[in-house]
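This report refers to the structure that appears directly beneath it.
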Amino acid sequence: MTFNIKNNVYWVGKIDWELERFHGYEYSTHRGSTYNSYLIKEEKTVLIDTVWGPYAKEFVDNLSKEVDLNKIDYIVANHAEPDHSGSLPELMRHIPDTPIYCSKNGLKSLKGQYHQDWNFNVVKTGDTLSLGNKDLVFVEMPMLHWPDSMLCYMTDDSLLFSNDAFGHHYASEFMYNDLVDQAELFAECIKYYANILTPFNPMVTKKIKEILALNLPLDMICPSHGMIWRDQPAQIVEKYLEWADDYQENQITVLYDTMWNGTRSVAECIAKGLRESDSEANVKLFHLEKRDKNDLITEIFKSKAIVVGSPTVNRGILSSVAALLEMIQGLKFKKKRAAAFGCYGWSGESPKIISETLEKAGFAMEDEVLKVNWNPDDESAQQCIEFGKNLFK
């Protein structure tokens, strides 16, 4: 499948309908994904990025039907992560001398992964590559989300090849933002941002403002995953600025795991108390072991406060809670509040462990933690409700 995007620019990527996990098994892709590669046929022929390695032969075979591989003048590697660069070894087997343009860190990454001394050409922000009557202008995007990341802008056609920025994991044969379900599209966009870009909020804001200050005309944003933004492409840029500004909604999320339903009962009582004290807040309750971890991170991203609970097991917490807390620490959420709770039989360390971990992760913690001995009876259930009522005042 290939299609024309605008004038002499074509999509030559791969739709991966069956993809369920990404970044190893760290990221869930409920709606599949795409690997977007772009071919420019001006006076010079340029390929921007490739696709993931498992589809390398298919990619090169399809590309050869669109263009004589020997007539590709340049390859641009905006990002060296294997879902973008994985087909390079197969492609370079056919055209080994073709120049590859990448950032300085991209050179390190590509050599480190593929151990080849291809014809690399390092570029930096402001450098240009002539296509004849048009240019590609390069902009480095370090840590959005790898050190090597960059994007390129095509003059005259006003196309921004943004790589991972403004992308999302969403498979569709329509391939344009205005042709797909908008609720699904933006659900995948915010999930992508929450799970991948949150730690880099300050850099996202700085880099976007730098690009906006150039006042470049923008006809389309062509990311490396998901739909091409052709209808009001600036809308996703505006969303990124909003999300990067320590985003939160009027939402409180209660997250727990349980062994014999004691902690579940406490969680439900806390949620009841939260709803009674703040009727305008969207209070959500999730059993960690039964929900997708990346979807939960998205809920935390949207929350102004979270409440996390676990029973005490071996003087610690359940592994599902520990895993989520580890993810939370890495994402460096800001300006969010939190509280901890748990059930116990004889030692009761879990709320303290949760509270200390969340505080270390940057959450503003409630002073009081809630410990419930065994399963809550009517009296302790009411105490749990009161605990919820008094949170985050």
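Ligands are numbered from 1 in the order shown, chains are lettered A, B, ... in the order of the structure tokens, and residues start at 1 in each chain.
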Item to complete: Using backbone DSSP assignments, extract all strand (DSSP E or B) residues from segment 114-303 of chain A; output them as a ChimeraX atom specification.
Response: /A:120-122,128-130,135-140,150-154,159-163,176,220-223,228-229,251-256,282-287
Practice prompt. Extract the full set of helix (DSSP H, G or I) residues from segment 36-235 of chain A according to DSSP on the backbone, and format it as an NGL selection string.
Written response: :A and (53-66 or 69-71 or 82-85 or 88-94 or 104-114 or 177-179 or 182-212 or 234-235)
Keeping only C-alpha atoms, write the selected residues to a file as a PDB file, in the first residue's frame.
```
ATOM      1  CA  GLY A  53      12.612  -4.871  11.155  1.00  0.00           C
ATOM      2  CA  PRO A  54      10.068  -7.725  10.959  1.00  0.00           C
ATOM      3  CA  TYR A  55       8.591  -6.014   7.886  1.00  0.00           C
ATOM      4  CA  ALA A  56      11.925  -5.119   6.274  1.00  0.00           C
ATOM      5  CA  LYS A  57      11.738  -7.389   3.238  1.00  0.00           C
ATOM      6  CA  GLU A  58       8.110  -6.472   2.572  1.00  0.00           C
ATOM      7  CA  PHE A  59       8.988  -2.797   2.919  1.00  0.00           C
ATOM      8  CA  VAL A  60      11.930  -2.926   0.518  1.00  0.00           C
ATOM      9  CA  ASP A  61       9.970  -5.001  -2.018  1.00  0.00           C
ATOM     10  CA  ASN A  62       7.084  -2.515  -1.958  1.00  0.00           C
ATOM     11  CA  LEU A  63       9.440   0.458  -2.087  1.00  0.00           C
ATOM     12  CA  SER A  64      11.168  -0.971  -5.171  1.00  0.00           C
ATOM     13  CA  LYS A  65       7.798  -1.004  -6.949  1.00  0.00           C
ATOM     14  CA  GLU A  66       7.381   2.698  -6.216  1.00  0.00           C
ATOM     15  CA  LEU A  69      16.101   1.889  -5.318  1.00  0.00           C
ATOM     16  CA  ASN A  70      19.253   3.047  -7.079  1.00  0.00           C
ATOM     17  CA  LYS A  71      17.562   6.378  -7.791  1.00  0.00           C
ATOM     18  CA  PRO A  82      14.257   0.036  15.578  1.00  0.00           C
ATOM     19  CA  ASP A  83      10.604   0.667  14.754  1.00  0.00           C
ATOM     20  CA  HIS A  84      11.871   3.470  12.485  1.00  0.00           C
ATOM     21  CA  SER A  85      15.282   2.223  11.395  1.00  0.00           C
ATOM     22  CA  LEU A  88      17.792  -0.004   7.032  1.00  0.00           C
ATOM     23  CA  PRO A  89      20.027  -3.101   6.952  1.00  0.00           C
ATOM     24  CA  GLU A  90      17.840  -4.743   4.300  1.00  0.00           C
ATOM     25  CA  LEU A  91      17.570  -1.534   2.291  1.00  0.00           C
ATOM     26  CA  MET A  92      21.290  -0.759   2.502  1.00  0.00           C
ATOM     27  CA  ARG A  93      22.067  -4.248   1.284  1.00  0.00           C
ATOM     28  CA  HIS A  94      20.657  -3.043  -2.063  1.00  0.00           C
ATOM     29  CA  LYS A 104      25.056  13.254  15.937  1.00  0.00           C
ATOM     30  CA  ASN A 105      23.387  11.002  18.495  1.00  0.00           C
ATOM     31  CA  GLY A 106      21.581   9.227  15.686  1.00  0.00           C
ATOM     32  CA  LEU A 107      24.950   8.245  14.267  1.00  0.00           C
ATOM     33  CA  LYS A 108      25.949   6.721  17.607  1.00  0.00           C
ATOM     34  CA  SER A 109      22.668   4.860  17.900  1.00  0.00           C
ATOM     35  CA  LEU A 110      22.605   3.509  14.350  1.00  0.00           C
ATOM     36  CA  LYS A 111      26.204   2.309  14.590  1.00  0.00           C
ATOM     37  CA  GLY A 112      25.550   0.845  18.014  1.00  0.00           C
ATOM     38  CA  GLN A 113      22.565  -1.142  16.830  1.00  0.00           C
ATOM     39  CA  TYR A 114      23.590  -2.259  13.349  1.00  0.00           C
ATOM     40  CA  ASN A 177      -6.828  12.546  11.209  1.00  0.00           C
ATOM     41  CA  ASP A 178     -10.122  13.861   9.830  1.00  0.00           C
ATOM     42  CA  LEU A 179     -11.239  10.457   8.535  1.00  0.00           C
ATOM     43  CA  GLN A 182     -11.991  11.477  16.900  1.00  0.00           C
ATOM     44  CA  ALA A 183     -12.559   9.992  20.372  1.00  0.00           C
ATOM     45  CA  GLU A 184     -10.379   6.992  19.509  1.00  0.00           C
ATOM     46  CA  LEU A 185      -7.744   9.192  17.919  1.00  0.00           C
ATOM     47  CA  PHE A 186      -7.316  11.553  20.856  1.00  0.00           C
ATOM     48  CA  ALA A 187      -7.531   8.689  23.382  1.00  0.00           C
ATOM     49  CA  GLU A 188      -4.490   7.172  21.682  1.00  0.00           C
ATOM     50  CA  CYS A 189      -2.744  10.549  21.474  1.00  0.00           C
ATOM     51  CA  ILE A 190      -3.055  11.302  25.189  1.00  0.00           C
ATOM     52  CA  LYS A 191      -2.072   7.732  26.079  1.00  0.00           C
ATOM     53  CA  TYR A 192       1.040   8.065  23.903  1.00  0.00           C
ATOM     54  CA  TYR A 193       1.950  11.362  25.524  1.00  0.00           C
ATOM     55  CA  ALA A 194       1.252  10.192  29.078  1.00  0.00           C
ATOM     56  CA  ASN A 195       3.313   7.010  28.820  1.00  0.00           C
ATOM     57  CA  ILE A 196       6.218   8.215  26.684  1.00  0.00           C
ATOM     58  CA  LEU A 197       6.659  11.982  26.781  1.00  0.00           C
ATOM     59  CA  THR A 198       5.583  13.013  30.300  1.00  0.00           C
ATOM     60  CA  PRO A 199       9.147  12.963  31.743  1.00  0.00           C
ATOM     61  CA  PHE A 200      10.212  15.456  29.063  1.00  0.00           C
ATOM     62  CA  ASN A 201       7.483  18.093  29.591  1.00  0.00           C
ATOM     63  CA  PRO A 202       9.885  21.066  29.902  1.00  0.00           C
ATOM     64  CA  MET A 203      11.725  20.061  26.733  1.00  0.00           C
ATOM     65  CA  VAL A 204       8.454  19.555  24.836  1.00  0.00           C
ATOM     66  CA  THR A 205       7.331  23.074  25.717  1.00  0.00           C
ATOM     67  CA  LYS A 206      10.699  24.651  24.909  1.00  0.00           C
ATOM     68  CA  LYS A 207      11.111  22.921  21.556  1.00  0.00           C
ATOM     69  CA  ILE A 208       7.549  23.574  20.374  1.00  0.00           C
ATOM     70  CA  LYS A 209       7.860  27.269  21.257  1.00  0.00           C
ATOM     71  CA  GLU A 210      11.142  27.428  19.351  1.00  0.00           C
ATOM     72  CA  ILE A 211       9.471  25.968  16.268  1.00  0.00           C
ATOM     73  CA  LEU A 212       6.364  28.147  16.560  1.00  0.00           C
ATOM     74  CA  ALA A 234      -1.904  22.763  14.722  1.00  0.00           C
ATOM     75  CA  GLN A 235      -4.555  21.217  16.996  1.00  0.00           C
TER      76      GLN A 235
END
```
Practice prompt. Do a neighbour search on Pro351 of chain A at 6 Å with only C-alpha atoms, toss out local chain neighbours closer than 6 positions, and write the hits as an NGL selection string.
Written response: :A and (340-342)
Just to be explicit: take each residue in the selection above, keep C-alpha atoms, and write the result as a compact mmCIF listing (two decimals), in the first residue's frame.
```
# COMPACT_ATOMS: atom_id res chain seq x y z
CA ALA A 340 -2.00 5.63 50.59
CA PHE A 341 -4.00 2.84 52.25
CA GLY A 342 -4.00 -0.89 52.81
```
Give me the segment 176-258 of chain A side of the contact with segment 10-24 of chain A, cut-off 12 Å, one line per residue showing its nearest atom pair and distance in Å at one decimal, counting only C-alpha atoms, sorted by chain and residue number, as CSV.
```
residue,atom,partner,partner_atom,distance
A:Tyr176,CA,A:Trp11,CA,11.4
A:Tyr192,CA,A:Phe22,CA,11.3
A:Asn195,CA,A:His23,CA,11.2
A:Ile196,CA,A:His23,CA,10.3
A:Cys222,CA,A:Trp11,CA,9.4
A:Pro223,CA,A:Trp11,CA,10.9
A:Ser224,CA,A:Gly13,CA,9.0
A:His225,CA,A:Ile15,CA,9.3
A:Gly226,CA,A:Ile15,CA,8.8
A:Met227,CA,A:Ile15,CA,10.6
A:Ile228,CA,A:Trp11,CA,9.8
```
With C-alpha atoms kept, could you save the residues just selected as a PDB file, in the first residue's frame?
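See result05.pdb below for the written result:
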```pdb
ATOM      1  CA  TYR A 176      -5.735  10.973   7.951  1.00  0.00           C
ATOM      2  CA  TYR A 192       1.040   8.065  23.903  1.00  0.00           C
ATOM      3  CA  ASN A 195       3.313   7.010  28.820  1.00  0.00           C
ATOM      4  CA  ILE A 196       6.218   8.215  26.684  1.00  0.00           C
ATOM      5  CA  CYS A 222       3.434  13.639   9.102  1.00  0.00           C
ATOM      6  CA  PRO A 223       4.390  11.592  12.202  1.00  0.00           C
ATOM      7  CA  SER A 224       6.039   8.194  12.241  1.00  0.00           C
ATOM      8  CA  HIS A 225       3.088   6.469  13.936  1.00  0.00           C
ATOM      9  CA  GLY A 226      -0.604   6.839  13.329  1.00  0.00           C
ATOM     10  CA  MET A 227      -2.632   9.295  11.314  1.00  0.00           C
ATOM     11  CA  ILE A 228      -1.308  12.176   9.233  1.00  0.00           C
TER      12      ILE A 228
END
```
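Every protein or nucleic acid residue with an atom no more than 9 Å from Asn375 of chain A, counting only C-alpha atoms and leaving out same-chain residues fewer than 2 positions away, appears here: Trp260, Asn261, Gly262, Thr263, Ser265, Val266, Cys343, Tyr344, Gly345, Val372, Asn373, Asp377 and Ser380 of chain A.
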Fill in: Within 7 Å of Val122 of chain A using only C-alpha atoms, minus same-chain residues under 6 positions, as a ChimeraX atom specification
/A:101-104
Discussion item. From the options A:His168, A:Lys41, A:Lys302, A:Lys293, which residue's atoms come nearest to Ala281 of chain A, counting only C-alpha atoms?
Written reply: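 Distance minimum relative to Ala281 of chain A lands on A:Lys302.
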Worksheet item: So which residues touch Ala267 of chain A within 12 Å, counting only C-alpha atoms, skipping near sequence neighbours fewer than 6 positions away, as a PyMOL selection string?
Response: chain A and resi 253-258+261+273-274+283-288+306-311+339-343+370-372+375-376+381+383-385+387-388
Restricted to N, CA and C atoms, what would the selected residues look like written as a tab-separated table (two decimals), in the first residue's frame?
```tsv
chain	number	residue	atom	x	y	z
A	253	THR	N	-8.28	9.39	41.10
A	253	THR	CA	-8.23	7.98	40.72
A	253	THR	C	-7.78	7.14	41.90
A	254	VAL	N	-8.56	6.11	42.22
A	254	VAL	CA	-8.24	5.17	43.28
A	254	VAL	C	-7.75	3.88	42.63
A	255	LEU	N	-6.53	3.46	42.99
A	255	LEU	CA	-5.90	2.29	42.39
A	255	LEU	C	-5.51	1.32	43.49
A	256	TYR	N	-5.81	0.04	43.29
A	256	TYR	CA	-5.51	-0.92	44.35
A	256	TYR	C	-5.33	-2.31	43.77
A	257	ASP	N	-4.68	-3.16	44.55
A	257	ASP	CA	-4.75	-4.60	44.33
A	257	ASP	C	-5.13	-5.24	45.65
A	258	THR	N	-5.62	-6.46	45.59
A	258	THR	CA	-6.18	-7.09	46.78
A	258	THR	C	-5.92	-8.58	46.74
A	261	ASN	N	-9.99	-9.49	49.10
A	261	ASN	CA	-11.04	-8.48	48.94
A	261	ASN	C	-11.14	-7.46	50.06
A	273	GLY	N	-16.48	7.97	49.83
A	273	GLY	CA	-16.22	9.19	50.58
A	273	GLY	C	-15.77	10.33	49.70
A	274	LEU	N	-14.91	10.03	48.73
A	274	LEU	CA	-14.45	11.06	47.79
A	274	LEU	C	-15.61	11.65	47.00
A	283	VAL	N	-14.48	10.62	40.03
A	283	VAL	CA	-13.77	9.64	40.85
A	283	VAL	C	-13.81	8.29	40.14
A	284	LYS	N	-12.62	7.74	39.85
A	284	LYS	CA	-12.53	6.46	39.16
A	284	LYS	C	-11.81	5.44	40.04
A	285	LEU	N	-12.23	4.20	39.94
A	285	LEU	CA	-11.70	3.11	40.78
A	285	LEU	C	-11.19	2.00	39.87
A	286	PHE	N	-9.94	1.56	40.12
A	286	PHE	CA	-9.34	0.53	39.26
A	286	PHE	C	-8.64	-0.54	40.09
A	287	HIS	N	-8.92	-1.80	39.76
A	287	HIS	CA	-8.20	-2.94	40.31
A	287	HIS	C	-6.98	-3.19	39.41
A	288	LEU	N	-5.80	-2.94	39.94
A	288	LEU	CA	-4.58	-2.93	39.12
A	288	LEU	C	-4.37	-4.22	38.35
A	306	ILE	N	-4.33	10.97	43.28
A	306	ILE	CA	-4.53	9.53	43.25
A	306	ILE	C	-4.49	8.97	44.66
A	307	VAL	N	-5.14	7.82	44.86
A	307	VAL	CA	-5.12	7.10	46.12
A	307	VAL	C	-4.72	5.67	45.79
A	308	VAL	N	-3.66	5.18	46.40
A	308	VAL	CA	-3.09	3.87	46.04
A	308	VAL	C	-3.10	2.95	47.25
A	309	GLY	N	-3.55	1.71	47.05
A	309	GLY	CA	-3.63	0.77	48.17
A	309	GLY	C	-3.17	-0.63	47.84
A	310	SER	N	-2.67	-1.31	48.87
A	310	SER	CA	-2.24	-2.71	48.75
A	310	SER	C	-2.33	-3.36	50.11
A	311	PRO	N	-2.66	-4.64	50.17
A	311	PRO	CA	-2.47	-5.35	51.42
A	311	PRO	C	-0.98	-5.50	51.72
A	339	ALA	N	-2.51	9.83	48.27
A	339	ALA	CA	-2.69	9.24	49.58
A	339	ALA	C	-2.53	7.73	49.46
A	340	ALA	N	-2.28	7.07	50.60
A	340	ALA	CA	-2.00	5.63	50.59
A	340	ALA	C	-2.88	4.92	51.62
A	341	PHE	N	-3.19	3.65	51.34
A	341	PHE	CA	-4.00	2.84	52.25
A	341	PHE	C	-3.67	1.37	52.06
A	342	GLY	N	-4.17	0.55	52.96
A	342	GLY	CA	-4.00	-0.89	52.81
A	342	GLY	C	-4.58	-1.67	53.97
A	343	CYS	N	-4.82	-2.95	53.72
A	343	CYS	CA	-5.26	-3.88	54.76
A	343	CYS	C	-4.05	-4.69	55.24
A	370	LEU	N	-4.03	5.26	55.67
A	370	LEU	CA	-5.12	4.46	56.23
A	370	LEU	C	-4.71	3.01	56.31
A	371	LYS	N	-4.74	2.45	57.52
A	371	LYS	CA	-4.44	1.03	57.74
A	371	LYS	C	-5.67	0.37	58.32
A	372	VAL	N	-6.10	-0.71	57.72
A	372	VAL	CA	-7.28	-1.44	58.20
A	372	VAL	C	-6.88	-2.86	58.52
A	375	ASN	N	-10.45	-7.66	57.22
A	375	ASN	CA	-11.49	-7.08	56.38
A	375	ASN	C	-12.28	-6.05	57.17
A	376	PRO	N	-12.66	-4.93	56.57
A	376	PRO	CA	-13.37	-3.90	57.33
A	376	PRO	C	-14.76	-4.34	57.77
A	381	ALA	N	-15.50	0.36	58.00
A	381	ALA	CA	-15.93	0.80	56.67
A	381	ALA	C	-16.33	2.28	56.71
A	383	GLN	N	-15.14	4.45	58.78
A	383	GLN	CA	-13.89	5.19	58.93
A	383	GLN	C	-13.21	5.38	57.56
A	384	CYS	N	-13.32	4.36	56.72
A	384	CYS	CA	-12.74	4.47	55.37
A	384	CYS	C	-13.47	5.52	54.55
A	385	ILE	N	-14.79	5.56	54.69
A	385	ILE	CA	-15.57	6.58	53.98
A	385	ILE	C	-15.17	7.96	54.46
A	387	PHE	N	-12.33	8.80	55.76
A	387	PHE	CA	-10.99	9.05	55.24
A	387	PHE	C	-11.09	9.64	53.83
A	388	GLY	N	-11.93	9.04	52.99
A	388	GLY	CA	-12.11	9.55	51.63
A	388	GLY	C	-12.69	10.96	51.62
```
Which residues come within 8 Å of segment 313-323 of chain A, counting only C-alpha atoms, excluding same-chain residues fewer than 5 positions away, as a short mmCIF file (atom, residue, chain, number, x, y, z; two decimals) with N, CA and C atoms, in the first residue's frame?
```
data_model
loop_
_atom_site.label_atom_id
_atom_site.label_comp_id
_atom_site.auth_asym_id
_atom_site.auth_seq_id
_atom_site.Cartn_x
_atom_site.Cartn_y
_atom_site.Cartn_z
N TYR A 256 -5.81 0.04 43.29
CA TYR A 256 -5.51 -0.92 44.35
C TYR A 256 -5.33 -2.31 43.77
N ASP A 257 -4.68 -3.16 44.55
CA ASP A 257 -4.75 -4.60 44.33
C ASP A 257 -5.13 -5.24 45.65
N LEU A 288 -5.80 -2.94 39.94
CA LEU A 288 -4.58 -2.93 39.12
C LEU A 288 -4.37 -4.22 38.35
N GLU A 289 -4.56 -5.32 39.00
CA GLU A 289 -4.24 -6.60 38.38
C GLU A 289 -5.14 -6.90 37.19
N SER A 347 1.23 -7.09 60.43
CA SER A 347 2.35 -6.15 60.47
C SER A 347 1.99 -4.78 59.87
N GLY A 348 1.44 -4.72 58.66
CA GLY A 348 0.84 -3.49 58.17
C GLY A 348 1.76 -2.44 57.59
N GLU A 349 2.83 -2.84 56.92
CA GLU A 349 3.78 -1.86 56.38
C GLU A 349 3.35 -1.22 55.06
N SER A 350 2.38 -1.80 54.35
CA SER A 350 2.12 -1.40 52.96
C SER A 350 1.78 0.09 52.78
N ILE A 353 4.97 2.17 52.85
CA ILE A 353 5.83 1.93 51.68
C ILE A 353 5.29 2.70 50.48
N ILE A 354 3.98 2.61 50.26
CA ILE A 354 3.35 3.31 49.14
C ILE A 354 3.54 4.82 49.28
#
```
Mind dumping a table of every segment 61-122 of chain A residue within 12 Å of segment 128-136 of chain A, with the nearest atom pair and its distance in Å to one decimal, using only C-alpha atoms, sorted by chain and rising number, as a tab-separated table?
```
residue	atom	partner	partner_atom	distance
A:Ile72	CA	A:Leu131	CA	11.6
A:Asp73	CA	A:Leu131	CA	9.5
A:Tyr74	CA	A:Leu129	CA	9.2
A:Ile75	CA	A:Leu129	CA	10.8
A:Val76	CA	A:Leu136	CA	9.8
A:Asn78	CA	A:Leu136	CA	11.9
A:Pro99	CA	A:Leu129	CA	11.5
A:Ile100	CA	A:Leu129	CA	11.5
A:Tyr101	CA	A:Leu129	CA	9.1
A:Cys102	CA	A:Leu129	CA	11.6
A:Asn121	CA	A:Leu129	CA	10.9
A:Val122	CA	A:Thr128	CA	11.4
```
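Taking only C-alpha atoms into account, Gly167 of chain A lies nearest to A:Thr34 out of the set A:Asn215, A:Thr34, A:Asp295, A:Thr29.
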